[in-house]
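**Student:** Contents of input-v4.tsv (TSV, C-alpha atoms) are below:
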chain	number	residue	atom	x	y	z
A	245	HIS	CA	-7.22	-10.28	8.59
A	246	TYR	CA	-6.51	-7.57	6.02
A	247	ALA	CA	-4.73	-9.99	3.69
A	248	VAL	CA	-7.36	-12.67	4.27
A	249	GLN	CA	-10.16	-10.30	3.29
A	250	LYS	CA	-8.34	-9.16	0.16
A	251	TYR	CA	-7.67	-12.71	-0.93
A	252	SER	CA	-11.28	-13.65	-0.24
A	253	GLY	CA	-12.39	-10.71	-2.38
A	254	GLU	CA	-10.19	-11.85	-5.26
A	255	MET	CA	-11.52	-15.39	-5.06
A	256	THR	CA	-15.10	-14.14	-5.00
A	257	VAL	CA	-14.46	-12.16	-8.18
A	258	ARG	CA	-12.73	-15.08	-9.90
A	259	ASN	CA	-15.55	-17.49	-9.10
A	260	SER	CA	-18.49	-15.18	-9.75
A	261	ALA	CA	-17.85	-13.94	-13.28
A	262	LYS	CA	-17.06	-15.41	-16.67
A	263	GLU	CA	-14.65	-12.56	-17.34
A	264	TRP	CA	-12.63	-10.83	-14.66
A	265	LEU	CA	-9.44	-8.89	-13.98
A	266	VAL	CA	-7.56	-8.42	-10.71
A	267	LEU	CA	-5.09	-5.54	-10.36
A	268	ARG	CA	-2.98	-5.16	-7.21
A	269	PRO	CA	-1.40	-1.68	-6.89
A	270	LEU	CA	1.59	-1.01	-4.68
A	271	PHE	CA	1.58	2.19	-2.62
A	272	ALA	CA	-0.51	4.49	-4.80
A	273	TYR	CA	-0.28	8.16	-3.75
A	274	GLY	CA	-1.44	11.52	-5.10
A	275	GLY	CA	-3.75	14.47	-4.60
A	276	VAL	CA	-3.89	15.50	-0.95
A	277	GLY	CA	-3.30	11.85	-0.06
A	278	ASP	CA	-4.97	9.51	2.37
A	279	PRO	CA	-4.52	8.64	6.08
A	280	ASN	CA	-2.17	5.77	5.20
A	281	SER	CA	0.14	7.72	2.92
A	282	LEU	CA	3.66	8.48	4.18
A	283	ILE	CA	3.97	11.27	1.63
A	284	ALA	CA	0.66	13.01	2.40
A	285	LYS	CA	0.98	12.67	6.18
A	286	SER	CA	4.57	13.93	6.25
A	287	LEU	CA	3.97	16.94	4.00
A	288	TYR	CA	0.73	17.87	5.79
A	289	THR	CA	2.51	17.56	9.15
A	290	ALA	CA	5.37	19.83	8.07
A	291	LYS	CA	3.07	22.41	6.52
A	292	ASN	CA	1.11	22.66	9.78
A	293	SER	CA	4.18	22.43	12.06
A	294	LYS	CA	2.94	19.30	13.80
A	295	THR	CA	4.76	16.11	14.76
A	296	ILE	CA	3.79	12.49	14.13
A	297	ASP	CA	5.03	8.97	14.66
A	298	ILE	CA	5.97	7.10	11.50
A	299	PHE	CA	5.53	3.35	11.78
A	300	LEU	CA	8.18	2.49	9.23
A	301	ASN	CA	11.88	1.69	9.07
A	302	PRO	CA	13.63	4.57	7.25
A	303	ASP	CA	16.16	2.15	5.75
A	304	LYS	CA	13.60	-0.14	4.09
A	305	LYS	CA	12.64	0.30	0.45
A	306	LYS	CA	9.16	1.28	-0.73
A	307	ASP	CA	7.99	1.47	-4.33
A	308	TYR	CA	5.52	4.36	-4.57
A	309	MET	CA	3.30	4.80	-7.64
A	310	HIS	CA	1.41	7.97	-8.50
A	311	VAL	CA	-2.34	7.41	-8.61
A	312	SER	CA	-2.51	8.68	-12.21
A	313	ASP	CA	-0.33	5.74	-13.26
A	314	PHE	CA	-2.63	3.28	-11.54
A	315	CYS	CA	-5.66	4.89	-13.22
A	316	ASP	CA	-3.83	4.50	-16.53
A	317	ALA	CA	-3.25	0.82	-15.73
A	318	ILE	CA	-6.94	0.29	-14.91
A	319	ILE	CA	-8.14	1.94	-18.13
A	320	ASN	CA	-5.67	-0.02	-20.25
A	321	ALA	CA	-6.62	-3.29	-18.58
A	322	VAL	CA	-10.37	-2.76	-18.94
A	323	THR	CA	-10.12	-1.68	-22.59
A	324	SER	CA	-7.74	-4.49	-23.53
A	325	ASN	CA	-8.72	-7.95	-24.75
A	326	VAL	CA	-7.07	-9.56	-21.73
A	327	ARG	CA	-9.40	-11.30	-19.32
A	328	ASN	CA	-9.22	-13.79	-16.45
A	329	GLU	CA	-5.76	-12.68	-15.34
A	330	ASP	CA	-4.35	-11.13	-12.19
A	331	PHE	CA	-1.60	-8.50	-12.17
A	332	ASN	CA	0.70	-6.72	-9.78
A	333	VAL	CA	0.95	-3.06	-10.79
A	334	SER	CA	3.98	-1.00	-9.79
A	335	VAL	CA	6.47	1.41	-11.34
A	336	GLU	CA	9.49	-0.61	-10.14
A	337	ASN	CA	11.37	2.46	-8.92
A	338	PRO	CA	11.96	1.86	-5.20
A	339	TYR	CA	13.57	4.27	-2.75
A	340	THR	CA	14.36	3.86	0.92
A	341	THR	CA	11.86	5.66	3.12
A	342	LYS	CA	14.51	8.12	4.30
A	343	GLU	CA	15.33	8.93	0.65
A	344	ILE	CA	11.66	9.68	0.04
A	345	VAL	CA	11.65	11.99	3.07
A	346	ARG	CA	14.77	13.71	1.70
A	347	LEU	CA	12.98	14.30	-1.62
A	348	MET	CA	10.00	15.76	0.26
A	349	SER	CA	12.35	18.12	2.10
A	350	GLU	CA	13.92	19.27	-1.16
A	351	THR	CA	10.51	19.88	-2.72
A	352	SER	CA	8.93	21.69	0.23
A	353	GLY	CA	12.02	23.57	1.42
A	354	LEU	CA	11.30	22.24	4.92
A	355	ASP	CA	13.27	19.79	7.04
A	356	ILE	CA	10.59	17.09	7.00
A	357	ASN	CA	12.56	14.73	9.20
A	358	LYS	CA	12.38	17.01	12.24
A	359	PHE	CA	8.60	16.61	12.29
A	360	LEU	CA	8.78	12.80	12.27
A	361	THR	CA	9.49	10.25	14.98
A	362	TRP	CA	10.48	6.94	13.45
A	363	LYS	CA	9.23	3.63	14.86
A	364	PRO	CA	11.41	1.19	12.87
A	365	GLU	CA	10.56	-1.74	15.16
A	366	THR	CA	7.02	-1.71	13.75
A	367	ASP	CA	8.05	-2.20	10.11
A	368	TYR	CA	7.55	-5.98	10.13
A	369	LEU	CA	6.93	-6.16	6.37
A	370	GLY	CA	10.34	-4.73	5.46
A	371	ASN	CA	10.92	-3.83	1.82
A	372	HIS	CA	7.81	-3.36	-0.31
A	373	LEU	CA	8.56	-4.37	-3.91
A	374	LEU	CA	6.42	-5.89	-6.65
A	375	SER	CA	7.36	-7.03	-10.13
A	376	CYS	CA	5.27	-5.44	-12.87
A	377	ASN	CA	6.72	-7.63	-15.63
A	378	LYS	CA	3.53	-9.55	-16.33
A	379	PHE	CA	1.41	-6.39	-16.61
A	380	GLN	CA	3.98	-4.64	-18.80
A	381	ARG	CA	4.24	-7.68	-21.06
A	382	MET	CA	0.50	-8.27	-21.52
A	383	ILE	CA	-1.00	-4.76	-21.21
A	384	GLY	CA	1.41	-1.97	-20.24
A	385	PHE	CA	1.13	1.72	-19.38
A	386	SER	CA	0.09	4.26	-22.02
A	387	ASN	CA	2.61	6.90	-20.99
A	388	ASN	CA	5.86	7.21	-19.09
A	389	THR	CA	5.15	6.76	-15.39
A	390	VAL	CA	5.40	9.74	-13.03
A	391	ASP	CA	8.77	9.77	-11.28
A	392	ILE	CA	8.57	10.22	-7.53
A	393	GLU	CA	10.22	13.66	-7.49
A	394	LEU	CA	7.52	15.05	-9.78
A	395	GLY	CA	4.81	13.13	-7.93
A	396	ILE	CA	5.88	14.62	-4.61
A	397	LYS	CA	5.75	18.09	-6.18
A	398	PHE	CA	2.18	17.40	-7.33
A	399	VAL	CA	1.18	16.33	-3.81
A	400	TRP	CA	2.87	19.32	-2.17
A	401	ASP	CA	1.12	21.72	-4.55
A	402	ASN	CA	-2.23	20.04	-3.84
A	403	ILE	CA	-1.73	20.27	-0.08
A	404	LEU	CA	-0.67	23.93	-0.27
A	405	ASN	CA	-3.70	24.83	-2.37
A	406	ASP	CA	-6.23	22.69	-0.53
A	407	ARG	CA	-9.00	24.76	1.05
A	408	SER	CA	-11.01	21.89	2.50
A	409	ASP	CA	-10.91	20.65	6.09
A	410	TYR	CA	-9.35	17.34	5.04
A	411	ASN	CA	-6.83	16.08	7.57
A	412	PRO	CA	-4.81	12.90	6.82
A	413	LEU	CA	-3.75	12.85	10.49
A	414	LYS	CA	-7.32	12.57	11.74
A	415	PHE	CA	-7.09	8.97	12.95
A	416	LEU	CA	-3.61	9.37	14.45
A	417	GLU	CA	-4.77	12.42	16.37
A	418	GLU	CA	-7.93	10.65	17.49
A	419	ALA	CA	-5.84	7.75	18.81
A	420	GLY	CA	-3.71	10.22	20.75
A	421	GLU	CA	-6.76	11.91	22.26
A	422	LYS	CA	-8.06	8.52	23.40
A	423	ASN	CA	-4.64	7.47	24.75
A	424	ILE	CA	-4.52	4.47	22.45
A	425	ASP	CA	-1.08	2.88	22.29
A	426	LEU	CA	-0.67	2.19	18.58
A	427	LEU	CA	2.57	0.30	19.20
A	428	SER	CA	0.53	-2.42	20.91
A	429	PHE	CA	-0.99	-3.35	17.54
A	430	PHE	CA	2.36	-4.31	16.00
A	431	PRO	CA	4.40	-7.51	16.44
A	432	LYS	CA	6.76	-7.23	19.41
A	433	ASP	CA	9.85	-8.60	17.69
A	434	VAL	CA	10.70	-8.07	14.03
A	435	SER	CA	14.46	-8.55	14.37
A	436	TRP	CA	14.27	-11.64	12.16
A	437	MET	CA	13.52	-9.38	9.17
A	438	SER	CA	17.15	-8.23	9.11
A	439	ASN	CA	18.73	-11.51	10.17
A	440	LYS	CA	19.35	-13.59	7.05
A	441	SER	CA	20.77	-16.50	9.06
A	442	GLN	CA	17.33	-17.10	10.53
A	443	LEU	CA	15.37	-16.45	7.36
A	444	CYS	CA	14.90	-20.09	6.32
A	445	ILE	CA	13.56	-21.06	9.71
A	446	VAL	CA	11.29	-18.05	9.76
A	447	ASN	CA	10.01	-18.80	6.28
A	448	ASN	CA	8.94	-22.24	7.46
A	449	GLU	CA	7.01	-20.62	10.28
A	450	VAL	CA	5.50	-18.05	7.95
A	451	CYS	CA	4.39	-20.79	5.57
A	452	ILE	CA	2.54	-22.47	8.42
A	453	VAL	CA	0.86	-19.19	9.30
A	454	VAL	CA	-0.09	-18.62	5.68
A	455	ARG	CA	-1.63	-22.07	5.44
A	456	LYS	CA	-3.68	-21.37	8.55
A	457	HIS	CA	-4.82	-18.11	7.05
A	458	LEU	CA	-5.70	-19.81	3.77
A	459	LYS	CA	-8.04	-22.08	5.67
A	460	LYS	CA	-9.71	-18.95	7.00
A	461	VAL	CA	-9.84	-17.53	3.49
A	462	ILE	CA	-11.49	-20.67	2.14
A	463	LYS	CA	-14.04	-20.70	4.96
A	464	LEU	CA	-14.71	-16.99	4.55
A	465	TYR	CA	-15.00	-17.33	0.78
A	466	ARG	CA	-17.39	-20.28	1.04
A	467	CYS	CA	-19.48	-18.35	3.53
A	468	CYS	CA	-19.61	-15.24	1.31
A	469	TYR	CA	-20.37	-17.24	-1.82
A	470	SER	CA	-23.01	-19.50	-0.31
A	471	ASN	CA	-24.85	-16.54	1.20
A	472	SER	CA	-24.62	-14.32	-1.84
A	473	THR	CA	-27.56	-13.75	-4.16
A	474	LYS	CA	-27.18	-15.65	-7.42
A	475	GLN	CA	-26.64	-13.16	-10.20
A	476	SER	CA	-26.10	-13.38	-13.89
A	477	THR	CA	-22.39	-13.04	-14.62
A	478	GLU	CA	-23.15	-10.36	-17.18
A	479	HIS	CA	-24.09	-8.03	-14.29
A	480	ILE	CA	-21.01	-8.68	-12.13
Please go through the file and, once you have read it, give me the structure as structure tokens.
**Tutor:**
Amino acid sequence: HYAVQKYSGEMTVRNSAKEWLVLRPLFAYGGVGDPNSLIAKSLYTAKNSKTIDIFLNPDKKKDYMHVSDFCDAIINAVTSNVRNEDFNVSVENPYTTKEIVRLMSETSGLDINKFLTWKPETDYLGNHLLSCNKFQRMIGFSNNTVDIELGIKFVWDNILNDRSDYNPLKFLEEAGEKNIDLLSFFPKDVSWMSNKSQLCIVNNEVCIVVRKHLKKVIKLYRCCYSNSTKQSTEHI
């Protein structure tokens, strides 16, 4: 449903304005983080001597981008002459999740891994990588992107100096208090992700699923569009 809603949102934008831009960031992080951020949750957990489950495979690659780089991309896109295009936005500098945890340990001086319990069977999406070639070719970043070592240092400093009651573990802790089994929300078998011999067959199945979802997207989009108030495109 998450992907369906995002696609529906993109289609609504495309079909409701004369001029539009769609930017898709990959794993933006920064500040004190958010409840979905591996980096924020792990550093916060270590700082407060807690333990959490991590619903990722430590051997899969993730391409994290500091939020300042995504803000830079947004500003450059909006102030450019480019319109009616969609872009993936990433820094194309992937690390395995366990390498990212190692970098967090080096930055914080704490053994981050001892505070984490890995749930690799839940990582059904595998490697998270996006090409930024189109964005770089047509618009580009203004400055050199923030490398992940420096970005982690920024996050750690922000968490150490934070005086608010913000807690990126809030929803995980709430689930624990209510005895909610989070594992029940993940696919039961993701072994096909690492079995290349089955990949072609699985892709066929995935294509069927995607087509089914696209039907839902089209229906959802038509519903949203038909029920929306007609507005001048200049105000969208």
**Student:** Quick one: of A:Arg381, A:His372, A:Arg258, A:Lys285, who's nearest to Val345 (chain A), counting all atoms listed in the file?
**Tutor:**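 For Val345 (chain A), the nearest of the given residues is A:Lys285.
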**Student:** Can you work out the spacing between CA of Asn280 (chain A) and CA of Tyr246 (chain A) in Å, to one decimal?
**Tutor:**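 Here the two named atoms are 14.1 Å from each other.
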**Student:** Expressed in Å to a single decimal, how great is the separation between CA of Ile356 (chain A) and CA of Leu404 (chain A)?
**Tutor:**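 Distance reported for this atom pair: 15.0 Å.
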**Student:** For CA of Asp307 (chain A) and CA of Phe331 (chain A), quote the distance in Å rounded to one decimal.
**Tutor:**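 It comes out at 15.9 Å.
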**Student:** Considering only C-alpha atoms, can you say which of A:Phe415, A:Phe299, A:Tyr339, A:Trp400 comes closest to Ser352 (chain A)?
**Tutor:**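 So, comparing all the options, the nearest one is A:Trp400.
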**Student:** Hey, which of A:Gly420, A:Asp313, A:Pro364, A:Ser349 ends up closest to Phe385 (chain A)? Count all atoms listed in the file.
**Tutor:** A:Asp313
**Student:** Closest to Leu270 (chain A) among A:Val326, A:Leu374, A:Leu347, A:Ala419, using only C-alpha atoms?
**Tutor:**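 Answer, going by the shortest atom-to-atom distance: A:Leu374.
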**Student:** To test the calculation: enclose all listed atoms of region 406-417 of chain A in a box whose edges run along x, y and z, add 5 Å on each side, then state centre and edge lengths in Å to one decimal, as JSON.
**Tutor:**
{"center_x": -7.3, "center_y": 16.9, "center_z": 7.9, "size_x": 17.4, "size_y": 25.8, "size_z": 26.9}
**Student:** I need the residue nearest Gly277 (chain A) from this list: A:Gln380, A:Ser428, A:Asn411, A:Ser324. Use all atoms listed in the file for the distance.
**Tutor:**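 The closest residue to Gly277 (chain A) is A:Asn411.
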